[in-house]
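Chemist: Provided below: query_38.txt, containing compact mmCIF, C-alpha atoms and all ligand atoms.
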```
# COMPACT_ATOMS: atom_id res chain seq x y z
CA MET A 217 -5.18 154.44 33.70
CA THR A 218 -2.15 152.22 33.70
CA SER A 219 -4.09 149.03 34.38
CA SER A 220 -6.28 149.36 31.28
CA LYS A 221 -3.26 150.18 29.14
CA ARG A 222 -1.53 147.00 30.25
CA VAL A 223 -4.60 145.01 29.29
CA VAL A 224 -4.66 146.50 25.81
CA GLU A 225 -1.02 145.65 25.24
CA THR A 226 -1.32 142.03 26.29
CA VAL A 227 -4.63 141.18 24.63
CA PRO A 228 -4.53 139.50 21.18
CA GLN A 229 -5.61 142.06 18.62
CA ILE A 230 -6.25 142.49 14.93
CA SER A 231 -5.73 145.56 12.80
CA ILE A 232 -8.03 146.55 9.94
CA SER A 233 -5.01 146.89 7.65
CA SER A 234 -4.46 143.13 7.84
CA VAL A 235 -7.94 142.34 6.49
CA LYS A 236 -8.73 145.43 4.40
CA GLU A 237 -8.97 143.52 1.12
CA TYR A 238 -12.05 141.70 2.47
CA VAL A 239 -13.95 144.85 3.42
CA SER A 240 -16.74 145.79 1.03
CA HIS A 241 -19.90 147.88 1.12
CA ARG A 242 -21.97 144.96 -0.09
CA HIS A 243 -21.09 142.55 2.69
CA PRO A 244 -20.09 144.56 5.74
CA ILE A 245 -19.78 141.48 7.95
CA ILE A 246 -16.69 139.35 7.53
CA GLN A 247 -15.66 136.09 9.14
CA LEU A 248 -12.25 135.79 10.71
CA ASN A 249 -10.71 132.46 11.53
CA LEU A 250 -8.58 133.10 14.61
CA THR A 251 -5.89 130.65 15.63
CA ASP A 252 -4.33 130.83 19.06
CA GLY A 253 -0.88 129.69 20.18
CA ARG A 254 -2.10 126.14 20.73
CA GLY A 255 -3.57 125.90 17.25
CA ARG A 256 -7.14 126.17 18.50
CA GLN A 257 -9.34 127.92 15.96
CA THR A 258 -12.21 130.29 16.61
CA LEU A 259 -14.54 131.65 13.98
CA CYS A 260 -15.28 135.27 14.66
CA LEU A 261 -17.72 137.66 13.01
CA VAL A 262 -16.85 141.32 12.68
CA LYS A 263 -18.71 144.26 11.19
CA THR A 264 -16.84 146.61 8.92
CA THR A 265 -17.48 149.93 7.24
CA ARG A 266 -15.77 152.38 4.93
CA THR A 267 -15.42 156.14 5.11
CA GLU A 268 -14.82 158.21 2.01
CA CYS A 269 -11.49 159.96 1.83
CA TYR A 270 -11.30 163.65 0.94
CA PHE A 271 -8.99 163.03 -2.02
CA GLY A 272 -10.89 160.00 -3.27
CA GLY A 273 -10.94 156.36 -2.35
CA SER A 274 -12.13 155.05 0.98
CA ARG A 275 -10.72 153.88 4.25
CA PRO A 276 -11.80 150.59 5.86
CA TRP A 277 -12.75 150.30 9.54
CA PHE A 278 -14.00 147.71 11.93
CA LYS A 279 -17.29 148.46 13.63
CA CYS A 280 -17.38 147.24 17.19
CA ILE A 281 -20.25 144.78 17.54
CA LEU A 282 -21.01 146.08 21.05
CA CYS A 283 -20.93 149.86 20.72
CA ASP A 284 -21.05 150.19 16.92
CA LYS A 285 -18.19 152.69 16.94
CA ARG A 286 -15.53 152.65 14.25
CA ALA A 287 -12.22 151.13 15.26
CA GLY A 288 -8.91 150.50 13.54
CA VAL A 289 -8.02 147.69 15.95
CA LEU A 290 -10.16 145.06 17.68
CA TYR A 291 -9.19 143.06 20.74
CA LEU A 292 -10.04 139.47 21.54
CA ASN A 293 -12.23 138.98 24.62
CA GLU A 294 -11.17 136.76 27.51
CA GLU A 295 -13.10 133.76 26.22
CA GLY A 296 -11.35 134.10 22.88
CA SER A 297 -14.70 134.14 21.11
CA HIS A 298 -15.35 137.78 20.15
CA LEU A 299 -13.48 140.88 19.07
CA PHE A 300 -14.38 144.24 20.61
CA CYS A 301 -13.04 147.78 20.41
CA ARG A 302 -10.63 149.08 23.01
CA GLY A 303 -13.35 150.74 25.08
CA CYS A 304 -15.56 147.67 25.22
CA SER A 305 -12.62 145.34 25.86
CA ASN A 306 -11.97 147.08 29.15
CA LEU A 307 -15.31 145.90 30.48
CA ARG A 308 -14.60 143.19 33.00
CA TYR A 309 -18.17 142.02 33.06
CA ARG A 310 -17.50 138.33 33.61
CA SER A 311 -15.71 138.86 36.92
CA GLN A 312 -18.20 141.52 37.98
CA ALA A 313 -20.98 138.95 37.74
CA VAL A 314 -19.56 136.85 40.53
CA SER A 315 -20.01 139.53 43.18
CA GLY A 316 -22.96 141.32 41.61
CA SER A 317 -26.37 140.95 43.18
CA ASN A 318 -27.79 143.83 41.19
CA ARG A 319 -30.85 142.93 39.17
CA MET A 320 -29.84 145.03 36.19
CA LEU A 321 -26.48 143.34 36.17
CA MET A 322 -28.12 139.93 36.00
CA ARG A 323 -30.29 141.02 33.11
CA TYR A 324 -27.23 142.23 31.33
CA PHE A 325 -25.63 138.83 31.61
CA ASP A 326 -28.82 137.22 30.58
CA ALA A 327 -28.92 139.21 27.35
CA ASP A 328 -25.24 138.51 26.82
CA GLU A 329 -25.69 134.78 27.33
CA ARG A 330 -28.59 134.66 24.90
CA ALA A 331 -26.54 136.49 22.29
CA GLU A 332 -23.84 133.87 22.70
CA THR A 333 -26.31 131.02 22.54
CA VAL A 334 -27.56 132.24 19.17
CA PHE A 335 -24.00 131.86 17.98
CA ASP A 336 -22.90 128.83 19.95
CA ARG A 337 -21.79 127.11 16.78
CA PRO A 338 -20.66 129.96 14.56
CA GLN A 339 -19.55 127.72 11.72
CA ARG A 340 -23.18 126.67 11.21
CA VAL A 341 -24.67 130.16 11.25
CA LYS A 342 -25.86 131.71 8.05
CA ILE A 343 -25.65 135.49 8.17
CA TRP A 344 -26.93 136.30 4.73
CA HIS A 345 -29.96 134.95 2.98
CA LYS A 346 -30.75 136.44 -0.43
CA ASP A 347 -28.80 139.61 0.42
CA LYS A 348 -30.68 140.07 3.70
CA LEU A 349 -29.52 139.38 7.23
CA THR A 350 -30.93 136.12 8.54
CA ARG A 351 -33.42 136.19 11.41
CA ARG A 352 -30.94 134.39 13.61
CA PHE A 353 -28.26 136.99 13.08
CA LYS A 354 -30.75 139.82 13.66
CA ARG A 355 -31.67 138.20 16.97
CA TYR A 356 -28.01 138.05 17.86
CA LEU A 357 -27.62 141.77 17.11
CA LYS A 358 -30.73 142.52 19.17
CA TYR A 359 -29.40 140.69 22.22
CA ARG A 360 -26.03 142.34 21.77
CA GLU A 361 -27.70 145.73 21.66
CA LYS A 362 -29.66 144.94 24.81
CA ALA A 363 -26.56 143.79 26.63
CA GLU A 364 -24.76 146.91 25.52
CA LYS A 365 -27.53 149.24 26.74
CA LEU A 366 -27.59 147.54 30.12
CA SER A 367 -23.82 147.56 30.34
CA ARG A 368 -23.84 151.37 30.40
CA PHE A 369 -25.06 151.19 33.98
CA PHE A 370 -21.83 149.56 35.07
CA VAL A 371 -19.11 151.57 33.44
ZN ZN B 1 -17.00 148.89 21.35
```
Would you mind writing the file's structure down as structure tokens?
Modeler:
Amino acid sequence: MTSSKRVVETVPQISISSVKEYVSHRHPIIQLNLTDGRGRQTLCLVKTTRTECYFGGSRPWFKCILCDKRAGVLYLNEEGSHLFCRGCSNLRYRSQAVSGSNRMLMRYFDADERAETVFDRPQRVKIWHKDKLTRRFKRYLKYREKAEKLSRFFV
């Protein structure tokens, strides 16, 4: 559809090739410090992965935090707080909430809000503790997963 294509072209985005030196198997989650046109900075967490190449070596990818699919490019959401894959970026869930009276829809937002609350001050959040994901980050992933499952009813 032409409308979704226009969105993709105008949304701030980041390519894996620009951060590939930070992608490792050991720490698949990397922090990106995003700066917008007004100099406002946002700390953003992204999952990454690597796939082995047939002739040796490996290729880095982002992993969308919503759908867990591999992506070469991530797009900034409308709030400027998270990066999602192209498919997930087309979800206009914020504006849908205004008119939605559906119960499932409300639960979806609820899960989404809680996920954001866990990370309301990302600079303070510890993701790793002794090589394990912290409980707080696991909770964030759980809420994200819940929001994602519920979101399938609206696409
Ligand atoms: Zn996605």
Chemist: Go through A:Asp347, A:Cys280, A:Ile232, A:Lys354 one by one, measure the shortest atom-to-atom distance of each to ligand ZN 1 (chain B) using all atoms listed in the file, and give the residue with the smallest value.
Modeler: A:Cys280
Chemist: Identify, counting only C-alpha atoms and all ligand atoms, the protein, DNA and RNA residues located within 9 Å of ligand ZN 1 (chain B), and give them as a PyMOL selection string.
Modeler: chain A and resi 279-287+290+300-305
Chemist: Mind giving me the straight-line distance from atom CA of A:Arg360 to atom CA of A:Leu248 in Å, one decimal?
Modeler: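 Those two atoms sit 18.8 Å apart.
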Chemist: Set the distance at 10 Å and use all atoms listed in the file: which residues neighbour A:Arg275 once local chain neighbours fewer than 5 positions away are removed? I'd like the list as a list in words.
Modeler: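 My list of contacting residues is Ile232, Ser233, Lys236, Val239, Thr265, Arg266, Thr267, Glu268 and Cys269 of chain A.
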Chemist: Pick the closest to A:Leu292 from A:Leu250, A:Ile343, A:Val235, A:Ala331: which is it, counting all atoms listed in the file?
Modeler: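 Of A:Leu250, A:Ile343, A:Val235, A:Ala331, the one nearest A:Leu292, counting all atoms listed in the file, is A:Leu250.
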Chemist: From the list A:Lys342, A:Arg256, A:His241, A:Lys348, which residue is nearest A:Trp277 when using all atoms listed in the file?
Modeler: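 Closest candidate: A:His241.
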Chemist: So what do you get for atom CA of A:Asp328 versus atom CA of A:Phe278, distance-wise?
Modeler: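 Spanning atom CA of A:Asp328 to atom CA of A:Phe278 is a straight-line distance of 20.8 Å.
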Chemist: Between atom CA of A:Pro244 and atom CA of A:Lys263, what distance in Å does the model show, to one decimal?
Modeler: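 Atom CA of A:Lys263 lies at a distance of 5.6 Å from atom CA of A:Pro244.
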Chemist: Using all atoms listed in the file, which of A:Ser274, A:Ser367, A:Thr350, A:Asn249 sits nearest A:Leu261?
Modeler: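 Nearest candidate to A:Leu261 out of A:Ser274, A:Ser367, A:Thr350, A:Asn249: A:Asn249.
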Chemist: Using all atoms listed in the file, which of A:Thr251, A:Ser297, A:Glu361, A:His243 sits nearest A:His345?
Modeler: A:His243
Chemist: Using only C-alpha atoms, find the one residue out of A:Tyr291, A:His298, A:Gly273, A:Ile245 that sits nearest to A:Phe353.
Modeler: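 With only C-alpha atoms as the atom set, the closest residue is A:Ile245.
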Chemist: First collect every listed atom of stretch 279-292 of chain A; then fit an axis-aligned box around them, widen it by 3 Å on each side, and give centre and edge lengths in Å to one decimal, as JSON.
Modeler:
```
{"center_x": -14.5, "center_y": 146.1, "center_z": 17.5, "size_x": 19.0, "size_y": 19.2, "size_z": 14.0}
```
